[in-house]
Amino acid sequence: MPETHQSDRSEDLPGLLAAIARRPHLAALGGAMCIAFSGILYRYAAVSPETGTVFRALFGLPVLALVAWGEHRRFGGLPARSVGLAAIAGVFFAGDLTLWHHAIEAVGAGLATVLANLQVIVVGLAAWLVLGERPSRSVLLAVPVVLAGIVLISGLTEADAYGRDPVGGVVLGLGTAFFYAGYLLVIRRVGRDLRRPAGPVAIATAATALSGAAAGVGLGTLDPLPPAESLAWLAILGVTAQSAGYLLISLSLPRLPAVLTSMILLAQPVVTVGLSMVLLGETPSVAQLGGVALVIGGIALATVPVARLRASFGSVRAG
């Protein structure tokens with residue numbers, strides 16, 4: 001039997017979003033590619049990590065707010081509990097983005113993005129420690145593989161590792177993964193209504209901007225008026241990654257089988273590493289690239305259900 005996933009509710013969406021939701025494979029891939037450029041666009045903007053967090057959210061908010069307003073008119077307001085949870089998710093996302101920006105400064109956009117994707121492992125281990133949900137055997141097998149990859153990316157095994165501070169970048173990247181795991185755990189509690197893909201993300205994005213601004217003011221690192229060129233790059237980042245990217249993903253992932261979802265999301269950090277080498281001139285060492293392979297492989301081991309993947313290929317051959 002084909003694996004099941006959440007039922008499609010495309011008929012409850014307005015025209016353009018309904019058309020996108022009916023093509024979830026392309027929507028997921030498009031969203032992943034939007035996010036794959038995030039680190040590159042942040043480096044082009046050349047602003048402080050906190051400034052990047054605030055303006056990415058601010059530039060991404062109008063599109064999300066417009067779609068969310070349409071959802072509000074069609075289906076009414078979100079419950080107060082959902083609004084509160086979405087705001088909490090936004091605080092986690094501000095921590096995620098800010099630490100990730102710092103990690104980019106330390107170890108480069110490509111390697112920092114790979115490390116941020118460790119949230120898959122973090123979610124499984126957090127559910128075990130906090131909720132008592134024992135992780136699957138595949139997650140436990142993935143942990144030593146991922147740890148070996150982290151050691152290689154950190155540069156501890158060589159003297160010429162890429163990055164201003166590869167060890168610090170690894171620590172910041174792991175912090176990014178923890179904050180992103182918190183964001184996902186909370187936002188998933190809010191986003192179960194497939195008719196409202198934008199509302200919770202819009203609220204979380206507003207909370208991200210406010211939290212990032214508070215951190216930037218407190219640390220004295222927020223630039224309230226970056227140069228025009230920086231604002232242009234931040235605007236592209238906000239519209240592509242923050243609004244289009246996350247909206248496409250929120251529309252598509254509940255409508256896709258888990259196998260395909262995992263494979264599409266794994267493509268994003270791999271693409272970012274390649275883009276960073278071509279567009280930013282980043283030059284990870286051979287050992288660090290080996291670490292990337294181990295981390296991505298470990299994430300694949302933890303997230304791609306191999307038995308279902310074999311069944312899917314078997315059904316294709318039989319057909």
# chains A, B, ... in the order shown; residues from 1 in each chain; ligands from 1

call {"tool": "residues_around", "arguments": {"residues": "segment 150-163 of chain A", "least_positions_apart": "5", "cutoff": "9 Å", "atoms": "only C-alpha atoms", "output": "ChimeraX atom specification"}}
result
/A:104-108,111,115,145,168-171,282-292,294-295

call {"tool": "write_last_selection", "arguments": {"atoms": "C-alpha atoms", "output": "short mmCIF file (atom, residue, chain, number, x, y, z; two decimals), in the first residue's frame"}}
result
data_model
loop_
_atom_site.label_atom_id
_atom_site.label_comp_id
_atom_site.auth_asym_id
_atom_site.auth_seq_id
_atom_site.Cartn_x
_atom_site.Cartn_y
_atom_site.Cartn_z
CA ILE A 104 28.44 31.83 8.93
CA GLU A 105 30.97 34.45 10.00
CA ALA A 106 33.02 31.76 11.76
CA VAL A 107 32.97 28.82 9.35
CA GLY A 108 31.27 29.96 6.14
CA LEU A 111 29.30 24.49 6.48
CA LEU A 115 25.35 22.12 10.82
CA VAL A 145 28.01 9.13 12.10
CA GLY A 168 33.47 28.16 17.27
CA GLY A 169 31.45 27.80 14.07
CA VAL A 170 30.58 24.22 14.99
CA VAL A 171 29.45 25.29 18.47
CA GLU A 282 34.51 29.32 0.13
CA THR A 283 37.09 26.53 0.13
CA PRO A 284 36.36 23.85 2.75
CA SER A 285 39.17 21.35 3.13
CA VAL A 286 38.86 17.79 1.91
CA ALA A 287 38.36 16.62 5.50
CA GLN A 288 35.61 19.18 6.07
CA LEU A 289 33.84 18.10 2.89
CA GLY A 290 34.13 14.55 4.18
CA GLY A 291 32.47 15.79 7.37
CA VAL A 292 29.67 17.30 5.27
CA LEU A 294 28.98 12.19 7.02
CA VAL A 295 26.56 14.73 8.48
#

call {"tool": "residues_around", "arguments": {"residues": "segment 52-58 of chain A", "least_positions_apart": "2", "cutoff": "8 Å", "atoms": "only C-alpha atoms", "output": "number ranges by chain"}}
result
A: 42, 45, 47-50, 60-62, 94, 97-98, 101, 205-206, 208-210, 212-213, 231, 234-235, 237-238, 242

call {"tool": "write_last_selection", "arguments": {"atoms": "C-alpha atoms", "output": "PDB file, in the first residue's frame"}}
result
ATOM      1  CA  TYR A  42      23.238  37.217   4.056  1.00  0.00           C
ATOM      2  CA  ALA A  45      24.280  42.001   2.636  1.00  0.00           C
ATOM      3  CA  VAL A  47      25.520  43.374   8.026  1.00  0.00           C
ATOM      4  CA  SER A  48      25.728  42.227  11.641  1.00  0.00           C
ATOM      5  CA  PRO A  49      24.017  38.934  12.539  1.00  0.00           C
ATOM      6  CA  GLU A  50      21.319  40.682  14.564  1.00  0.00           C
ATOM      7  CA  GLY A  60       9.472  38.805   4.562  1.00  0.00           C
ATOM      8  CA  LEU A  61       6.521  39.884   6.684  1.00  0.00           C
ATOM      9  CA  PRO A  62       4.346  41.856   4.177  1.00  0.00           C
ATOM     10  CA  ALA A  94      15.219  34.617  16.083  1.00  0.00           C
ATOM     11  CA  LEU A  97      18.833  32.925  12.633  1.00  0.00           C
ATOM     12  CA  THR A  98      21.108  35.002  14.837  1.00  0.00           C
ATOM     13  CA  HIS A 101      24.556  34.243  11.066  1.00  0.00           C
ATOM     14  CA  THR A 205       8.021  36.183  11.694  1.00  0.00           C
ATOM     15  CA  ALA A 206       6.785  39.303  13.502  1.00  0.00           C
ATOM     16  CA  THR A 208      11.339  37.048  15.145  1.00  0.00           C
ATOM     17  CA  ALA A 209      11.784  40.686  14.108  1.00  0.00           C
ATOM     18  CA  LEU A 210      10.939  41.958  17.595  1.00  0.00           C
ATOM     19  CA  GLY A 212      16.066  40.080  16.977  1.00  0.00           C
ATOM     20  CA  ALA A 213      15.696  43.825  17.496  1.00  0.00           C
ATOM     21  CA  LEU A 231      18.946  46.679   2.255  1.00  0.00           C
ATOM     22  CA  LEU A 234      18.145  41.808   2.714  1.00  0.00           C
ATOM     23  CA  ALA A 235      14.939  42.529   0.807  1.00  0.00           C
ATOM     24  CA  LEU A 237      16.520  37.454   1.310  1.00  0.00           C
ATOM     25  CA  GLY A 238      13.278  38.320   3.096  1.00  0.00           C
ATOM     26  CA  GLN A 242      11.440  34.119   4.702  1.00  0.00           C
TER      27      GLN A 242
END

call {"tool": "closest_residue", "arguments": {"among": "A:Val114, A:Phe92, A:Tyr180, A:Arg255", "to": "Arg22 of chain A", "atoms": "only C-alpha atoms"}}
result
A:Arg255

call {"tool": "select_by_dssp", "arguments": {"residues": "segment 6-142 of chain A", "states": "helix (DSSP H, G or I)", "output": "PyMOL selection string"}}
result
chain A and resi 10-12+15-21+24-36+38-45+49-75+80-107+109-116+119-131+137-142

call {"tool": "closest_residue", "arguments": {"among": "A:Ala204, A:Val123, A:Ala293, A:Ile35", "to": "Val83 of chain A", "atoms": "only C-alpha atoms"}}
result
A:Ala204

call {"tool": "atom_distance", "arguments": {"atom1": "atom CA of Arg137 of chain A", "atom2": "atom CA of Gly124 of chain A"}}
result
10.9 Å

call {"tool": "atom_distance", "arguments": {"atom1": "atom CA of Leu141 of chain A", "atom2": "atom CA of Pro269 of chain A"}}
result
21.0 Å

call {"tool": "closest_residue", "arguments": {"among": "A:Trp69, A:Phe93, A:Tyr44, A:Phe59", "to": "Pro197 of chain A", "atoms": "only C-alpha atoms"}}
result
A:Trp69

call {"tool": "residues_around", "arguments": {"residues": "Ala244 of chain A", "least_positions_apart": "3", "cutoff": "12 Å", "atoms": "only C-alpha atoms", "output": "PyMOL selection string"}}
result
chain A and resi 17+20+27-35+38+59-64+67+197-198+201-202+236-241+247-251

call {"tool": "write_last_selection", "arguments": {"atoms": "N, CA and C atoms", "output": "compact mmCIF listing (two decimals), in the first residue's frame"}}
result
# COMPACT_ATOMS: atom_id res chain seq x y z
N LEU A 17 -2.61 29.86 -4.22
CA LEU A 17 -2.10 28.91 -3.24
C LEU A 17 -2.64 27.51 -3.50
N ILE A 20 -0.61 25.99 -6.23
CA ILE A 20 0.70 25.56 -5.72
C ILE A 20 0.56 24.27 -4.91
N ALA A 27 6.54 22.58 -5.33
CA ALA A 27 6.52 23.60 -4.29
C ALA A 27 7.60 23.34 -3.24
N ALA A 28 7.74 22.09 -2.83
CA ALA A 28 8.75 21.75 -1.82
C ALA A 28 10.15 22.01 -2.35
N LEU A 29 10.40 21.60 -3.60
CA LEU A 29 11.71 21.82 -4.18
C LEU A 29 11.99 23.31 -4.34
N GLY A 30 10.99 24.07 -4.78
CA GLY A 30 11.16 25.52 -4.91
C GLY A 30 11.44 26.18 -3.57
N GLY A 31 10.72 25.75 -2.53
CA GLY A 31 10.96 26.30 -1.20
C GLY A 31 12.35 25.98 -0.69
N ALA A 32 12.79 24.73 -0.90
CA ALA A 32 14.13 24.34 -0.46
C ALA A 32 15.20 25.15 -1.19
N MET A 33 14.99 25.41 -2.47
CA MET A 33 15.98 26.18 -3.22
C MET A 33 15.99 27.65 -2.79
N CYS A 34 14.82 28.20 -2.45
CA CYS A 34 14.79 29.57 -1.91
C CYS A 34 15.64 29.67 -0.65
N ILE A 35 15.47 28.70 0.23
CA ILE A 35 16.20 28.72 1.50
C ILE A 35 17.69 28.42 1.28
N SER A 38 19.89 31.42 1.28
CA SER A 38 19.85 32.32 2.44
C SER A 38 21.23 32.77 2.90
N PHE A 59 11.34 42.27 5.95
CA PHE A 59 11.08 42.24 4.50
C PHE A 59 10.23 41.03 4.11
N GLY A 60 10.30 39.97 4.87
CA GLY A 60 9.47 38.80 4.56
C GLY A 60 8.06 38.91 5.07
N LEU A 61 7.81 39.82 6.02
CA LEU A 61 6.52 39.88 6.68
C LEU A 61 5.36 40.35 5.79
N PRO A 62 5.52 41.37 4.93
CA PRO A 62 4.35 41.86 4.18
C PRO A 62 3.63 40.78 3.36
N VAL A 63 4.38 39.94 2.63
CA VAL A 63 3.73 38.90 1.82
C VAL A 63 3.00 37.92 2.73
N LEU A 64 3.67 37.50 3.80
CA LEU A 64 3.03 36.57 4.73
C LEU A 64 1.80 37.18 5.37
N VAL A 67 -1.21 37.21 2.89
CA VAL A 67 -1.84 35.90 2.77
C VAL A 67 -2.57 35.54 4.06
N PRO A 197 -1.78 28.13 5.98
CA PRO A 197 -0.33 27.96 5.94
C PRO A 197 0.45 29.21 6.32
N ALA A 198 -0.17 30.40 6.19
CA ALA A 198 0.58 31.64 6.37
C ALA A 198 0.41 32.28 7.74
N VAL A 201 3.00 31.37 10.48
CA VAL A 201 4.34 31.79 10.07
C VAL A 201 4.46 33.31 10.11
N ALA A 202 3.37 34.03 9.76
CA ALA A 202 3.40 35.50 9.82
C ALA A 202 3.58 35.98 11.26
N ILE A 236 15.76 40.96 -0.85
CA ILE A 236 15.71 39.72 -1.64
C ILE A 236 15.67 38.51 -0.72
N LEU A 237 16.50 38.55 0.33
CA LEU A 237 16.52 37.45 1.31
C LEU A 237 15.16 37.29 1.98
N GLY A 238 14.56 38.40 2.40
CA GLY A 238 13.28 38.32 3.10
C GLY A 238 12.17 37.79 2.21
N VAL A 239 12.11 38.28 0.97
CA VAL A 239 11.03 37.87 0.07
C VAL A 239 11.20 36.43 -0.38
N THR A 240 12.44 36.01 -0.69
CA THR A 240 12.64 34.66 -1.21
C THR A 240 12.62 33.61 -0.10
N ALA A 241 13.48 33.78 0.90
CA ALA A 241 13.62 32.74 1.92
C ALA A 241 12.52 32.82 2.97
N LEU A 247 6.62 29.66 2.95
CA LEU A 247 5.24 29.48 2.54
C LEU A 247 5.12 28.27 1.61
N LEU A 248 6.04 28.13 0.67
CA LEU A 248 6.02 26.97 -0.22
C LEU A 248 6.19 25.67 0.56
N ILE A 249 7.10 25.68 1.52
CA ILE A 249 7.33 24.46 2.30
C ILE A 249 6.13 24.13 3.17
N SER A 250 5.53 25.14 3.81
CA SER A 250 4.37 24.88 4.67
C SER A 250 3.18 24.38 3.86
N LEU A 251 3.09 24.78 2.59
CA LEU A 251 2.02 24.29 1.72
C LEU A 251 2.27 22.86 1.28

call {"tool": "residues_around", "arguments": {"residues": "Ala116 of chain A", "least_positions_apart": "6", "cutoff": "7 Å", "atoms": "only C-alpha atoms", "output": "list in words"}}
result
Gly173, Leu174, Thr176 and Ala177 of chain A

call {"tool": "atom_distance", "arguments": {"atom1": "atom CA of Gln268 of chain A", "atom2": "atom CA of Ala36 of chain A"}}
result
5.2 Å
